[in-house]
>>> print(open('start01.txt').read())   # compact mmCIF, C-alpha atoms
# COMPACT_ATOMS: atom_id res chain seq x y z
CA ALA A 1 -80.07 -67.70 -3.49
CA GLN A 2 -79.66 -64.12 -4.55
CA ARG A 3 -76.23 -62.64 -4.93
CA VAL A 4 -74.70 -59.39 -6.10
CA THR A 5 -71.13 -59.26 -7.35
CA GLN A 6 -69.07 -56.14 -7.76
CA PRO A 7 -65.74 -57.39 -9.11
CA GLU A 8 -63.76 -54.20 -8.50
CA LYS A 9 -63.00 -53.19 -4.92
CA LEU A 10 -61.22 -50.07 -6.10
CA LEU A 11 -61.47 -48.08 -9.31
CA SER A 12 -59.34 -45.03 -9.95
CA VAL A 13 -59.85 -42.81 -12.99
CA PHE A 14 -58.86 -39.30 -13.98
CA LYS A 15 -61.29 -36.42 -13.95
CA GLY A 16 -63.11 -36.19 -17.26
CA ALA A 17 -62.60 -39.86 -18.10
CA PRO A 18 -65.50 -42.27 -18.51
CA VAL A 19 -66.47 -44.44 -15.57
CA GLU A 20 -68.05 -47.87 -15.50
CA LEU A 21 -68.73 -49.67 -12.24
CA LYS A 22 -69.59 -53.28 -12.83
CA CYS A 23 -72.38 -55.18 -11.14
CA ASN A 24 -73.58 -58.70 -11.84
CA TYR A 25 -76.39 -60.44 -10.05
CA SER A 26 -77.85 -63.86 -9.50
CA TYR A 27 -81.57 -64.19 -8.91
CA SER A 28 -84.14 -66.67 -10.08
CA GLY A 29 -87.03 -64.27 -10.56
CA SER A 30 -87.39 -60.68 -11.72
CA PRO A 31 -85.31 -58.54 -9.40
CA GLU A 32 -85.27 -54.86 -8.72
CA LEU A 33 -81.78 -53.41 -9.01
CA PHE A 34 -80.44 -50.34 -7.28
CA TRP A 35 -77.26 -48.33 -7.02
CA TYR A 36 -76.47 -46.66 -3.71
CA VAL A 37 -73.68 -44.17 -3.08
CA GLN A 38 -71.92 -43.52 0.22
CA TYR A 39 -69.77 -40.42 0.49
CA SER A 40 -67.09 -40.40 3.12
CA ARG A 41 -68.57 -41.45 6.48
CA GLN A 42 -72.10 -40.52 5.44
CA ARG A 43 -75.29 -42.48 5.06
CA LEU A 44 -76.07 -44.55 2.00
CA GLN A 45 -78.11 -42.65 -0.52
CA LEU A 46 -80.14 -44.05 -3.33
CA LEU A 47 -78.55 -43.09 -6.63
CA LEU A 48 -80.53 -45.06 -9.19
CA ARG A 49 -83.11 -47.78 -9.52
CA HIS A 50 -83.59 -49.63 -12.77
CA ILE A 51 -87.36 -49.23 -12.75
CA SER A 52 -87.21 -45.46 -13.00
CA ARG A 53 -84.67 -45.47 -15.85
CA GLU A 54 -83.44 -42.04 -14.84
CA SER A 55 -80.09 -40.30 -14.89
CA ILE A 56 -78.84 -38.91 -11.59
CA LYS A 57 -75.72 -36.74 -11.36
CA GLY A 58 -74.87 -37.88 -14.88
CA PHE A 59 -74.94 -41.57 -13.96
CA THR A 60 -77.00 -44.15 -15.81
CA ALA A 61 -77.44 -47.87 -15.44
CA ASP A 62 -79.17 -50.33 -17.73
CA LEU A 63 -80.46 -53.68 -16.63
CA ASN A 64 -79.23 -56.41 -18.96
CA LYS A 65 -81.18 -59.54 -18.11
CA GLY A 66 -79.28 -61.65 -20.63
CA GLU A 67 -75.96 -60.86 -18.97
CA THR A 68 -77.54 -60.42 -15.51
CA SER A 69 -75.73 -57.12 -15.18
CA PHE A 70 -76.56 -53.62 -14.00
CA HIS A 71 -73.40 -51.65 -14.67
CA LEU A 72 -73.22 -48.01 -13.59
CA LYS A 73 -71.82 -45.56 -16.12
CA LYS A 74 -70.89 -41.92 -16.40
CA PRO A 75 -69.29 -40.42 -19.50
CA PHE A 76 -67.19 -37.78 -17.74
CA ALA A 77 -66.11 -38.31 -14.15
CA GLN A 78 -65.96 -35.43 -11.69
CA GLU A 79 -63.92 -35.19 -8.51
CA GLU A 80 -67.07 -35.06 -6.38
CA ASP A 81 -67.99 -38.51 -7.67
CA SER A 82 -65.36 -40.05 -5.39
CA ALA A 83 -67.27 -42.35 -3.04
CA MET A 84 -68.23 -45.94 -2.32
CA TYR A 85 -70.80 -47.32 -4.71
CA TYR A 86 -72.97 -50.29 -3.85
CA CYS A 87 -75.09 -52.30 -6.22
CA ALA A 88 -78.12 -53.88 -4.55
CA LEU A 89 -80.88 -56.28 -5.44
CA SER A 90 -84.36 -56.77 -4.08
CA GLY A 91 -86.79 -59.56 -4.83
CA GLY A 92 -89.56 -56.99 -4.64
CA GLY A 93 -92.20 -56.22 -2.07
CA ALA A 94 -91.02 -55.78 1.50
CA ASP A 95 -87.85 -57.88 1.27
CA GLY A 96 -84.54 -56.43 2.29
CA LEU A 97 -81.76 -55.54 -0.09
CA THR A 98 -78.83 -57.78 -0.90
CA PHE A 99 -75.76 -55.64 -1.42
CA GLY A 100 -72.57 -56.18 -3.33
CA LYS A 101 -69.30 -55.60 -1.49
CA GLY A 102 -69.01 -52.14 -2.99
CA THR A 103 -66.56 -50.37 -5.27
CA HIS A 104 -64.47 -47.50 -4.02
CA LEU A 105 -64.34 -44.95 -6.83
CA ILE A 106 -61.51 -42.44 -6.73
CA ILE A 107 -61.46 -39.60 -9.21
CA GLN A 108 -58.01 -38.14 -9.61
CA PRO A 109 -57.60 -34.49 -10.60
CA ASP B 1 -89.61 -35.43 7.41
CA ALA B 2 -86.22 -35.73 9.13
CA GLY B 3 -85.52 -39.07 7.51
CA VAL B 4 -84.49 -42.22 9.34
CA ILE B 5 -83.04 -41.25 12.70
CA GLN B 6 -80.51 -43.40 14.49
CA SER B 7 -78.97 -42.97 17.90
CA PRO B 8 -76.36 -42.82 19.14
CA ARG B 9 -74.09 -41.77 16.26
CA HIS B 10 -71.08 -43.23 18.03
CA GLU B 11 -70.83 -45.78 20.78
CA VAL B 12 -67.68 -47.00 22.50
CA THR B 13 -68.14 -49.74 25.03
CA GLU B 14 -66.17 -52.39 26.82
CA MET B 15 -66.36 -56.03 25.92
CA GLY B 16 -69.12 -57.76 27.82
CA GLN B 17 -71.34 -54.71 28.13
CA GLU B 18 -74.84 -54.49 26.73
CA VAL B 19 -75.30 -52.18 23.75
CA THR B 20 -78.61 -50.84 22.48
CA LEU B 21 -78.93 -49.12 19.12
CA ARG B 22 -82.07 -47.18 18.28
CA CYS B 23 -83.88 -46.33 15.10
CA LYS B 24 -86.85 -44.19 14.18
CA PRO B 25 -88.08 -44.94 10.68
CA ILE B 26 -89.73 -42.50 8.33
CA SER B 27 -93.34 -41.93 9.27
CA GLY B 28 -95.61 -44.04 7.09
CA HIS B 29 -92.96 -46.55 6.11
CA ASN B 30 -94.02 -50.09 6.99
CA SER B 31 -90.74 -51.94 6.57
CA LEU B 32 -87.61 -51.54 8.69
CA PHE B 33 -84.22 -53.07 8.16
CA TRP B 34 -81.06 -53.38 10.23
CA TYR B 35 -77.74 -53.67 8.36
CA ARG B 36 -74.17 -54.06 9.55
CA GLN B 37 -71.27 -52.62 7.57
CA THR B 38 -67.69 -53.83 7.99
CA MET B 39 -64.63 -53.58 5.80
CA MET B 40 -64.37 -57.35 5.53
CA ARG B 41 -67.97 -58.28 4.77
CA GLY B 42 -69.47 -55.09 3.40
CA LEU B 43 -73.17 -54.52 4.07
CA GLU B 44 -75.07 -57.39 5.63
CA LEU B 45 -78.79 -57.53 6.29
CA LEU B 46 -79.29 -58.59 9.89
CA ILE B 47 -83.06 -58.53 10.28
CA TYR B 48 -86.09 -56.84 8.84
CA PHE B 49 -89.59 -56.08 10.03
CA ASN B 50 -92.79 -55.61 8.08
CA ASN B 51 -95.64 -53.89 9.91
CA ASN B 52 -93.66 -54.27 13.15
CA VAL B 53 -93.37 -58.04 12.76
CA PRO B 54 -89.93 -59.65 12.34
CA ILE B 55 -89.95 -61.36 8.95
CA ASP B 56 -86.42 -62.65 8.49
CA ASP B 57 -83.73 -62.70 11.17
CA SER B 58 -81.47 -65.20 9.44
CA GLY B 59 -78.77 -62.57 9.15
CA MET B 60 -78.46 -62.09 12.90
CA PRO B 61 -75.02 -63.45 13.63
CA GLU B 62 -75.58 -64.95 17.08
CA ASP B 63 -77.99 -65.21 19.96
CA ARG B 64 -76.19 -62.25 21.48
CA PHE B 65 -78.03 -60.11 18.93
CA SER B 66 -81.71 -59.31 19.30
CA ALA B 67 -84.02 -56.76 17.70
CA LYS B 68 -87.44 -55.45 18.57
CA MET B 69 -89.99 -53.17 17.01
CA PRO B 70 -92.60 -52.39 19.65
CA ASN B 71 -94.41 -49.90 17.42
CA ALA B 72 -94.30 -48.41 13.95
CA SER B 73 -92.02 -45.55 14.95
CA PHE B 74 -89.28 -47.26 16.93
CA SER B 75 -86.90 -50.19 16.76
CA THR B 76 -83.92 -51.36 18.79
CA LEU B 77 -81.00 -53.62 18.06
CA LYS B 78 -79.39 -55.02 21.18
CA ILE B 79 -76.10 -56.83 21.63
CA GLN B 80 -75.58 -58.59 24.93
CA PRO B 81 -72.80 -59.27 25.73
CA SER B 82 -70.82 -57.26 23.20
CA GLU B 83 -67.52 -58.45 21.76
CA PRO B 84 -64.73 -56.62 19.89
CA ARG B 85 -65.70 -58.36 16.62
CA ASP B 86 -69.08 -56.62 16.82
CA SER B 87 -67.34 -53.34 16.05
CA ALA B 88 -68.94 -52.01 12.88
CA VAL B 89 -71.30 -49.38 11.56
CA TYR B 90 -74.91 -50.39 12.04
CA PHE B 91 -77.43 -48.87 9.64
CA CYS B 92 -81.16 -48.78 9.92
CA ALA B 93 -83.29 -48.32 6.81
CA SER B 94 -87.00 -48.02 6.17
CA SER B 95 -89.23 -48.29 3.14
CA LEU B 96 -92.82 -48.43 2.06
CA ALA B 97 -92.86 -52.06 0.93
CA GLY B 98 -89.89 -51.35 -1.34
CA VAL B 99 -91.64 -48.57 -3.22
CA ASN B 100 -89.21 -45.80 -4.21
CA GLY B 101 -86.31 -47.60 -2.64
CA TYR B 102 -85.02 -47.68 0.89
CA THR B 103 -83.98 -44.71 3.02
CA PHE B 104 -81.01 -45.19 5.28
CA GLY B 105 -80.16 -43.56 8.58
CA SER B 106 -76.77 -42.04 9.31
CA GLY B 107 -75.65 -45.17 11.10
CA THR B 108 -74.22 -45.93 14.53
CA ARG B 109 -70.48 -46.50 14.66
CA LEU B 110 -69.94 -49.10 17.36
CA THR B 111 -66.52 -49.76 18.84
CA VAL B 112 -66.15 -52.54 21.38
CA VAL B 113 -62.83 -52.50 23.20
>>> encode(input="start01.txt", output="structure tokens")
Amino acid sequence: AQRVTQPEKLLSVFKGAPVELKCNYSYSGSPELFWYVQYSRQRLQLLLRHISRESIKGFTADLNKGETSFHLKKPFAQEEDSAMYYCALSGGGADGLTFGKGTHLIIQP
Amino acid sequence: DAGVIQSPRHEVTEMGQEVTLRCKPISGHNSLFWYRQTMMRGLELLIYFNNNVPIDDSGMPEDRFSAKMPNASFSTLKIQPSEPRDSAVYFCASSLAGVNGYTFGSGTRLTVV
């Protein structure tokens, strides 16, 4: 069975500090990993996918197959980064996403 | 493209009433997903369709829940009869077989009193 674990329900850091949102997964094959962001009462938006290896809004995430992790990182947090962040996994193709429980990131001024 | 469109945005109904949530996926997308979001359980996949055919409905909580996709541009999620524990935000998402990720609608906030 596939599973996504986000161990931190809440993460609070000061503006300008580095941020790391943890995500670990369990999947028997080769998964696709995603990070979605949900700003207050808005729709979920795709932030990153591991295949594209891009940096969006200063965030990066590297897939570590050995540790089965896909942690989200940003070197300098900004107040507008405050949101819910969801790590998600897909087995590929047309399957749905399996989401972690989410981490509420709060950036303090 | 206006993205994935869901209606209504908010729904308040009394226990026992039938509730119908609607979704219009992005034109050209061939997969459609219904998710439920609650504080306790986070985001749960309820059901998904591929080319209008239900593929996996194992996430549908009870027989009170049903979903249809009569054509490529429309899907409904129905709860009959509704119960207070069904209160949640219901999201619809669509994709082109997972390519470029999944696009979510704005969600329907359902409150059953």
>>> closest_residue(input="start01.txt", among="A:Glu79, A:Glu54, A:Asp62, A:Glu67", to="Glu20 in chain A", atoms="only C-alpha atoms")
A:Asp62
>>> closest_atom_pairs(input="start01.txt", of="chain A", to="chain B", cutoff="12 Å", atoms="all atoms listed in the file", output="CSV")
residue,atom,partner,partner_atom,distance
A:Arg3,CA,B:Glu44,CA,11.8
A:Val4,CA,B:Leu43,CA,11.4
A:Thr5,CA,B:Gly42,CA,11.6
A:Gln6,CA,B:Gly42,CA,11.2
A:Lys9,CA,B:Gly42,CA,10.7
A:Pro31,CA,B:Gly98,CA,11.7
A:Glu32,CA,B:Gly98,CA,9.4
A:Leu33,CA,B:Gly101,CA,9.7
A:Phe34,CA,B:Gly101,CA,8.0
A:Trp35,CA,B:Gly101,CA,10.1
A:Tyr36,CA,B:Tyr102,CA,9.8
A:Val37,CA,B:Phe104,CA,11.2
A:Gln38,CA,B:Ser106,CA,10.4
A:Tyr39,CA,B:Ser106,CA,11.4
A:Ser40,CA,B:Ser106,CA,11.6
A:Arg41,CA,B:Ser106,CA,8.7
A:Gln42,CA,B:Ser106,CA,6.3
A:Arg43,CA,B:Ser106,CA,4.5
A:Leu44,CA,B:Phe104,CA,6.0
A:Gln45,CA,B:Phe104,CA,7.0
A:Leu46,CA,B:Gly101,CA,7.2
A:Leu47,CA,B:Gly101,CA,9.8
A:Leu48,CA,B:Gly101,CA,9.1
A:Arg49,CA,B:Gly101,CA,7.6
A:His50,CA,B:Gly101,CA,10.7
A:Ile51,CA,B:Asn100,CA,9.4
A:Ser52,CA,B:Asn100,CA,9.0
A:Met84,CA,B:Gly42,CA,10.9
A:Tyr85,CA,B:Gly42,CA,11.3
A:Tyr86,CA,B:Leu43,CA,9.0
A:Cys87,CA,B:Leu43,CA,10.7
A:Ala88,CA,B:Leu43,CA,10.0
A:Leu89,CA,B:Gly101,CA,10.6
A:Ser90,CA,B:Gly98,CA,8.2
A:Gly91,CA,B:Gly98,CA,9.4
A:Gly92,CA,B:Gly98,CA,6.5
A:Gly93,CA,B:Ala97,CA,5.2
A:Ala94,CA,B:Ala97,CA,4.2
A:Asp95,CA,B:Gly98,CA,7.3
A:Gly96,CA,B:Tyr48,CA,6.7
A:Leu97,CA,B:Leu45,CA,7.3
A:Thr98,CA,B:Leu45,CA,7.2
A:Phe99,CA,B:Leu43,CA,6.2
A:Gly100,CA,B:Gly42,CA,7.5
A:Lys101,CA,B:Gly42,CA,4.9
A:Gly102,CA,B:Gly42,CA,7.1
A:Thr103,CA,B:Gly42,CA,10.3
A:His104,CA,B:Met39,CA,11.6
>>> atom_distance(input="start01.txt", atom1="CA of Ser73 in chain B", atom2="CA of Gln6 in chain B")
11.7 Å
>>> atom_distance(input="start01.txt", atom1="CA of Ala83 in chain A", atom2="CA of Ile106 in chain A")
6.8 Å
>>> atom_distance(input="start01.txt", atom1="CA of Ile79 in chain B", atom2="CA of Ala1 in chain A")
27.7 Å
>>> closest_residue(input="start01.txt", among="B:Gln17, B:Ser58, B:Thr111, B:Ser7", to="Phe74 in chain B", atoms="all atoms listed in the file")
B:Ser7
>>> residues_around(input="start01.txt", residues="Val113 in chain B", least_positions_apart="4", cutoff="10 Å", atoms="only C-alpha atoms", output="number ranges by chain")
B: 12-16, 82-87
